[in-house]
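**Student:** One file is attached below, entry23.cif, containing mmCIF, C-alpha atoms.
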data_final
#
loop_
_atom_site.group_PDB
_atom_site.id
_atom_site.type_symbol
_atom_site.label_atom_id
_atom_site.label_comp_id
_atom_site.auth_asym_id
_atom_site.auth_seq_id
_atom_site.Cartn_x
_atom_site.Cartn_y
_atom_site.Cartn_z
ATOM 1 C CA MET A 930 102.838 57.810 125.000
ATOM 2 C CA GLY A 931 104.315 60.758 123.124
ATOM 3 C CA ARG A 932 106.106 61.173 119.858
ATOM 4 C CA GLY A 933 109.442 60.206 121.385
ATOM 5 C CA SER A 934 108.068 56.726 121.991
ATOM 6 C CA GLY A 935 107.542 55.929 118.316
ATOM 7 C CA GLU A 936 103.942 57.138 118.103
ATOM 8 C CA ASP A 937 102.759 59.762 115.653
ATOM 9 C CA ALA A 938 100.310 62.609 116.241
ATOM 10 C CA CYS A 939 97.386 60.187 115.840
ATOM 11 C CA GLY A 940 98.720 57.916 118.585
ATOM 12 C CA THR A 941 99.665 55.192 116.139
ATOM 13 C CA GLY A 942 103.176 53.786 116.234
ATOM 14 C CA LYS A 943 105.051 53.004 113.051
ATOM 15 C CA TYR A 944 105.245 49.335 113.951
ATOM 16 C CA SER A 945 101.501 49.032 114.549
ATOM 17 C CA ILE A 946 100.873 50.634 111.141
ATOM 18 C CA LYS A 947 103.326 48.192 109.587
ATOM 19 C CA ARG A 948 101.600 45.237 111.263
ATOM 20 C CA GLN A 949 98.125 46.486 110.407
ATOM 21 C CA TYR A 950 98.758 47.027 106.715
ATOM 22 C CA PHE A 951 101.482 44.563 105.872
ATOM 23 C CA SER A 952 101.185 41.801 108.512
ATOM 24 C CA SER A 953 104.931 41.405 108.284
ATOM 25 C CA ASP A 954 107.687 40.384 110.617
ATOM 26 C CA LEU A 955 110.820 42.346 111.362
ATOM 27 C CA ALA A 956 113.313 39.511 111.509
ATOM 28 C CA ASP A 957 116.889 39.439 112.688
ATOM 29 C CA ASP A 958 118.865 37.372 110.187
ATOM 30 C CA GLY A 959 121.968 37.111 112.390
ATOM 31 C CA SER A 960 123.766 40.072 110.826
ATOM 32 C CA LYS A 961 123.611 43.740 111.748
ATOM 33 C CA ARG A 962 120.835 44.339 109.240
ATOM 34 C CA LYS A 963 117.118 43.825 109.711
ATOM 35 C CA VAL A 964 114.965 42.027 107.181
ATOM 36 C CA ILE A 965 111.292 42.778 106.688
ATOM 37 C CA ARG A 966 109.231 39.848 105.493
ATOM 38 C CA PHE A 967 105.799 40.587 104.074
ATOM 39 C CA ASP A 968 102.860 38.216 103.865
ATOM 40 C CA LYS A 969 101.979 39.608 100.449
ATOM 41 C CA ARG A 970 104.153 39.217 97.369
ATOM 42 C CA GLY A 971 104.591 40.786 93.955
ATOM 43 C CA LYS A 972 101.773 42.835 92.540
ATOM 44 C CA GLU A 973 99.557 42.309 95.585
ATOM 45 C CA LEU A 974 102.239 43.845 97.832
ATOM 46 C CA TRP A 975 102.772 46.688 95.308
ATOM 47 C CA GLU A 976 99.071 47.548 95.366
ATOM 48 C CA GLN A 977 98.812 47.368 99.153
ATOM 49 C CA ALA A 978 101.921 49.554 99.621
ATOM 50 C CA GLN A 979 100.693 52.399 97.353
ATOM 51 C CA PRO A 980 99.596 54.771 100.155
ATOM 52 C CA PHE A 981 103.065 54.547 101.706
ATOM 53 C CA LEU A 982 105.208 54.986 98.595
ATOM 54 C CA VAL A 983 106.730 58.458 98.300
ATOM 55 C CA ASN A 984 107.551 60.138 95.001
ATOM 56 C CA PRO A 985 111.340 59.855 94.569
ATOM 57 C CA VAL A 986 111.560 63.200 92.727
ATOM 58 C CA GLU A 987 112.721 65.924 95.082
ATOM 59 C CA GLU A 988 113.223 68.657 92.478
ATOM 60 C CA ARG A 989 112.774 69.252 88.758
ATOM 61 C CA LEU A 990 115.049 71.639 86.886
ATOM 62 C CA PHE A 991 115.615 72.630 83.258
ATOM 63 C CA CYS A 992 118.881 73.631 81.601
ATOM 64 C CA ASP A 993 120.231 74.094 78.083
ATOM 65 C CA GLU A 994 123.420 72.083 78.474
ATOM 66 C CA LEU A 995 125.287 69.982 81.001
ATOM 67 C CA LEU A 996 129.040 70.624 81.192
ATOM 68 C CA PHE A 997 129.780 67.270 82.754
ATOM 69 C CA GLU A 998 130.686 63.920 81.206
ATOM 70 C CA GLU A 999 129.092 61.546 83.714
ATOM 71 C CA HIS A 1000 126.308 59.207 82.583
ATOM 72 C CA PHE A 1001 122.876 59.812 84.125
ATOM 73 C CA PRO A 1002 119.932 57.422 83.766
ATOM 74 C CA ILE A 1003 116.953 58.408 81.640
ATOM 75 C CA CYS A 1004 113.730 58.983 83.565
ATOM 76 C CA GLY A 1005 110.291 60.566 83.242
ATOM 77 C CA ILE A 1006 108.270 60.328 80.044
ATOM 78 C CA ASN A 1007 111.298 59.185 78.029
ATOM 79 C CA ALA A 1008 111.880 56.197 80.325
ATOM 80 C CA LEU A 1009 108.183 55.379 80.144
ATOM 81 C CA ALA A 1010 108.456 55.570 76.332
ATOM 82 C CA HIS A 1011 111.356 53.084 76.499
ATOM 83 C CA TYR A 1012 109.292 50.568 78.482
ATOM 84 C CA THR A 1013 105.944 51.119 76.712
ATOM 85 C CA MET A 1014 104.481 52.303 73.407
ATOM 86 C CA LEU A 1015 104.370 55.995 74.353
ATOM 87 C CA ASN A 1016 106.378 58.411 72.203
ATOM 88 C CA PRO A 1017 109.325 60.125 73.937
ATOM 89 C CA ASP A 1018 109.507 63.869 74.547
ATOM 90 C CA PRO A 1019 112.067 65.841 72.510
ATOM 91 C CA GLU A 1020 113.916 66.987 75.638
ATOM 92 C CA ARG A 1021 116.574 64.840 77.268
ATOM 93 C CA ILE A 1022 115.160 63.793 80.664
ATOM 94 C CA ILE A 1023 117.692 62.512 83.189
ATOM 95 C CA MET A 1024 117.785 61.739 86.877
ATOM 96 C CA MET A 1025 120.487 62.267 89.436
ATOM 97 C CA THR A 1026 120.569 62.282 93.198
ATOM 98 C CA VAL A 1027 119.959 65.487 95.123
ATOM 99 C CA LYS A 1028 123.651 65.485 96.122
ATOM 100 C CA GLN A 1029 124.799 65.153 92.497
ATOM 101 C CA LEU A 1030 122.622 68.112 91.501
ATOM 102 C CA ARG A 1031 123.997 70.156 94.391
ATOM 103 C CA ASP A 1032 127.553 69.328 93.265
ATOM 104 C CA LEU A 1033 126.788 70.268 89.632
ATOM 105 C CA ARG A 1034 125.322 73.580 90.737
ATOM 106 C CA ALA A 1035 128.386 74.304 92.867
ATOM 107 C CA SER A 1036 130.706 73.572 89.924
ATOM 108 C CA ASN A 1037 128.621 75.707 87.515
ATOM 109 C CA ALA A 1038 128.134 72.716 85.208
ATOM 110 C CA LEU A 1039 124.519 73.629 84.364
ATOM 111 C CA VAL A 1040 124.056 76.060 81.461
ATOM 112 C CA CYS A 1041 121.080 78.404 82.028
ATOM 113 C CA PRO A 1042 119.414 76.448 84.862
ATOM 114 C CA ASN A 1043 115.792 77.449 85.440
ATOM 115 C CA GLU A 1044 112.382 76.112 86.461
ATOM 116 C CA TYR A 1045 110.551 76.521 83.143
ATOM 117 C CA ASP A 1046 112.297 75.511 79.930
ATOM 118 C CA GLY A 1047 115.405 73.887 78.476
ATOM 119 C CA ASP A 1048 116.794 71.131 76.274
ATOM 120 C CA ILE A 1049 117.531 68.993 79.327
ATOM 121 C CA ILE A 1050 115.146 68.201 82.162
ATOM 122 C CA ILE A 1051 116.865 67.104 85.361
ATOM 123 C CA GLU A 1052 114.985 65.261 88.063
ATOM 124 C CA ALA A 1053 116.812 65.214 91.397
ATOM 125 C CA TRP A 1054 115.828 61.969 93.118
ATOM 126 C CA LYS A 1055 115.929 61.130 96.814
ATOM 127 C CA TYR A 1056 117.750 57.880 96.059
ATOM 128 C CA PRO A 1057 120.002 56.529 93.300
ATOM 129 C CA PRO A 1058 118.502 54.339 90.559
ATOM 130 C CA VAL A 1059 117.866 50.700 91.313
ATOM 131 C CA ALA A 1060 120.173 48.609 89.142
ATOM 132 C CA ILE A 1061 121.857 45.239 89.047
ATOM 133 C CA MET A 1062 124.809 45.363 91.406
ATOM 134 C CA GLY A 1063 127.859 46.790 89.658
ATOM 135 C CA ALA A 1064 125.952 47.878 86.558
ATOM 136 C CA LYS A 1065 125.266 51.444 85.428
ATOM 137 C CA ALA A 1066 121.552 52.057 85.058
ATOM 138 C CA GLU A 1067 120.625 53.258 81.575
ATOM 139 C CA TRP A 1068 116.980 53.758 82.574
ATOM 140 C CA VAL A 1069 115.341 54.195 85.966
ATOM 141 C CA ASP A 1070 113.624 51.074 87.242
ATOM 142 C CA ARG A 1071 109.983 50.488 86.356
ATOM 143 C CA LEU A 1072 108.519 50.703 89.852
ATOM 144 C CA SER A 1073 110.307 53.935 90.788
ATOM 145 C CA LEU A 1074 109.289 55.343 87.414
ATOM 146 C CA ALA A 1075 105.644 54.475 88.066
ATOM 147 C CA ILE A 1076 105.794 56.194 91.459
ATOM 148 C CA SER A 1077 107.472 59.277 89.972
ATOM 149 C CA LEU A 1078 104.795 59.630 87.266
ATOM 150 C CA ARG A 1079 101.668 58.619 89.161
ATOM 151 C CA GLU A 1080 100.535 62.240 89.625
ATOM 152 C CA GLU A 1081 100.669 63.002 85.879
ATOM 153 C CA ALA A 1082 97.283 64.227 84.651
ATOM 154 C CA ASP A 1083 97.810 62.995 81.072
ATOM 155 C CA PRO A 1084 95.496 59.995 80.448
ATOM 156 C CA ARG A 1085 98.006 58.514 77.966
ATOM 157 C CA VAL A 1086 100.656 58.457 80.712
ATOM 158 C CA GLU A 1087 98.209 56.993 83.235
ATOM 159 C CA GLY A 1088 97.281 54.253 80.759
ATOM 160 C CA GLU A 1089 100.891 53.364 79.977
ATOM 161 C CA ILE A 1090 101.783 53.252 83.684
ATOM 162 C CA LYS A 1091 98.917 50.793 84.251
ATOM 163 C CA ARG A 1092 100.141 48.726 81.311
ATOM 164 C CA LEU A 1093 103.724 48.859 82.626
ATOM 165 C CA ILE A 1094 102.635 47.514 86.029
ATOM 166 C CA ASN A 1095 100.245 44.911 84.596
ATOM 167 C CA GLU A 1096 102.845 43.535 82.170
ATOM 168 C CA MET A 1097 105.624 43.273 84.757
ATOM 169 C CA LYS A 1098 106.950 39.835 85.564
ATOM 170 C CA TRP A 1099 106.373 39.740 89.314
ATOM 171 C CA LYS A 1100 108.399 37.399 91.495
ATOM 172 C CA ASP A 1101 106.109 35.702 93.963
#
Translate the structure described by the file into structure tokens.

**Tutor:**
Amino acid sequence: MGRGSGEDACGTGKYSIKRQYFSSDLADDGSKRKVIRFDKRGKELWEQAQPFLVNPVEERLFCDELLFEEHFPICGINALAHYTMLNPDPERIIMMTVKQLRDLRASNALVCPNEYDGDIIIEAWKYPPVAIMGAKAEWVDRLSLAISLREEADPRVEGEIKRLINEMKWKD
């Protein structure tokens, strides 16, 4: 079978990978959506899924000011500082979707955008923040934050991410 049949270059289909690693069922719940049920729960599922979780940060940009009034959730080191005992960075670190960043660039709402330095650090994420339905997220969610920071070389950050995950109240 070729790639058009659902197999990758290694000859492994996405569903066989899913079954091999997650032992889950793709169930039809009667609606137009599909539900994936995993045999593992909570922290055990989190740990087993690590190789498949992709960093949500698509792009990182600095600017001196944002000429836009919309609220953006706090992310990065400052969100980790909110959830743990780490001290926050002096810069304002916010997240927005890739589309929101594209729109802000088009409207010239970023003052002195660059890749190196600024009072505001913008992380353009591949998906919007996870929040309670109808609520505005003040901070990015803990699990997405952990994924976004897992490549940080700072041992203090690594330690606080481990603490963040270990102290989470997992629903089993």

**Student:** Excluding Leu1039 (chain A) and any residue of its chain fewer than 3 positions from it, enumerate the residues within 12 Å of it, using only C-alpha atoms, and give them as a short mmCIF file (atom, residue, chain, number, x, y, z; two decimals) with C-alpha atoms, in the coordinates of the input.

**Tutor:**
data_model
loop_
_atom_site.label_atom_id
_atom_site.label_comp_id
_atom_site.auth_asym_id
_atom_site.auth_seq_id
_atom_site.Cartn_x
_atom_site.Cartn_y
_atom_site.Cartn_z
CA LEU A 990 115.05 71.64 86.89
CA PHE A 991 115.62 72.63 83.26
CA CYS A 992 118.88 73.63 81.60
CA ASP A 993 120.23 74.09 78.08
CA GLU A 994 123.42 72.08 78.47
CA LEU A 995 125.29 69.98 81.00
CA LEU A 996 129.04 70.62 81.19
CA PHE A 997 129.78 67.27 82.75
CA GLU A 998 130.69 63.92 81.21
CA GLN A 1029 124.80 65.15 92.50
CA LEU A 1030 122.62 68.11 91.50
CA ARG A 1031 124.00 70.16 94.39
CA ASP A 1032 127.55 69.33 93.26
CA LEU A 1033 126.79 70.27 89.63
CA ARG A 1034 125.32 73.58 90.74
CA ALA A 1035 128.39 74.30 92.87
CA SER A 1036 130.71 73.57 89.92
CA PRO A 1042 119.41 76.45 84.86
CA ASN A 1043 115.79 77.45 85.44
CA GLY A 1047 115.40 73.89 78.48
CA ASP A 1048 116.79 71.13 76.27
CA ILE A 1049 117.53 68.99 79.33
CA ILE A 1050 115.15 68.20 82.16
CA ILE A 1051 116.86 67.10 85.36
#

**Student:** Using all atoms listed in the file, determine which residues lie at most 7 Å from region 1074-1085 of chain A, disregarding the query and same-chain residues fewer than 3 positions distant; provide the list as a list of chain:residue names.

**Tutor:**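 Here the answer would be A:Asn984, A:Pro985, A:Val986, A:Cys1004, A:Gly1005, A:Val1069, A:Asp1070, A:Arg1071, A:Gly1088, A:Glu1089, A:Ile1090.
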
**Student:** Name the closest residue to Asn1007 (chain A) among the candidates A:Cys1041, A:Trp1068, A:Arg989, A:Ala1060; distances are taken between atoms, counting only C-alpha atoms.

**Tutor:** A:Trp1068

**Student:** Calculate, to one decimal in Å, the centre and edge lengths of the box along x, y and z of the file that holds all listed atoms of region 971-984 of chain A with 5 Å of margin on each side, and present them as lines of an AutoDock Vina configuration file.

**Tutor:**
center_x = 103.2
center_y = 50.5
center_z = 97.1
size_x = 18.7
size_y = 29.4
size_z = 19.2

**Student:** Compile the contact shell of Ile1006 (chain A) as a list in words: residues with an atom at most 9 Å away, counting only C-alpha atoms, same-chain residues fewer than 3 positions apart removed.

**Tutor:**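 So, after excluding close chain neighbours, the residues are Leu1009, Ala1010, His1011, Leu1015, Asn1016, Pro1017, Asp1018, Ile1022, Leu1074, Leu1078 and Val1086 of chain A.
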
**Student:** Please report the interatomic distance between CA of Asp1046 (chain A) and CA of Ala1008 (chain A) in Å with one decimal.

**Tutor:** 19.3 Å
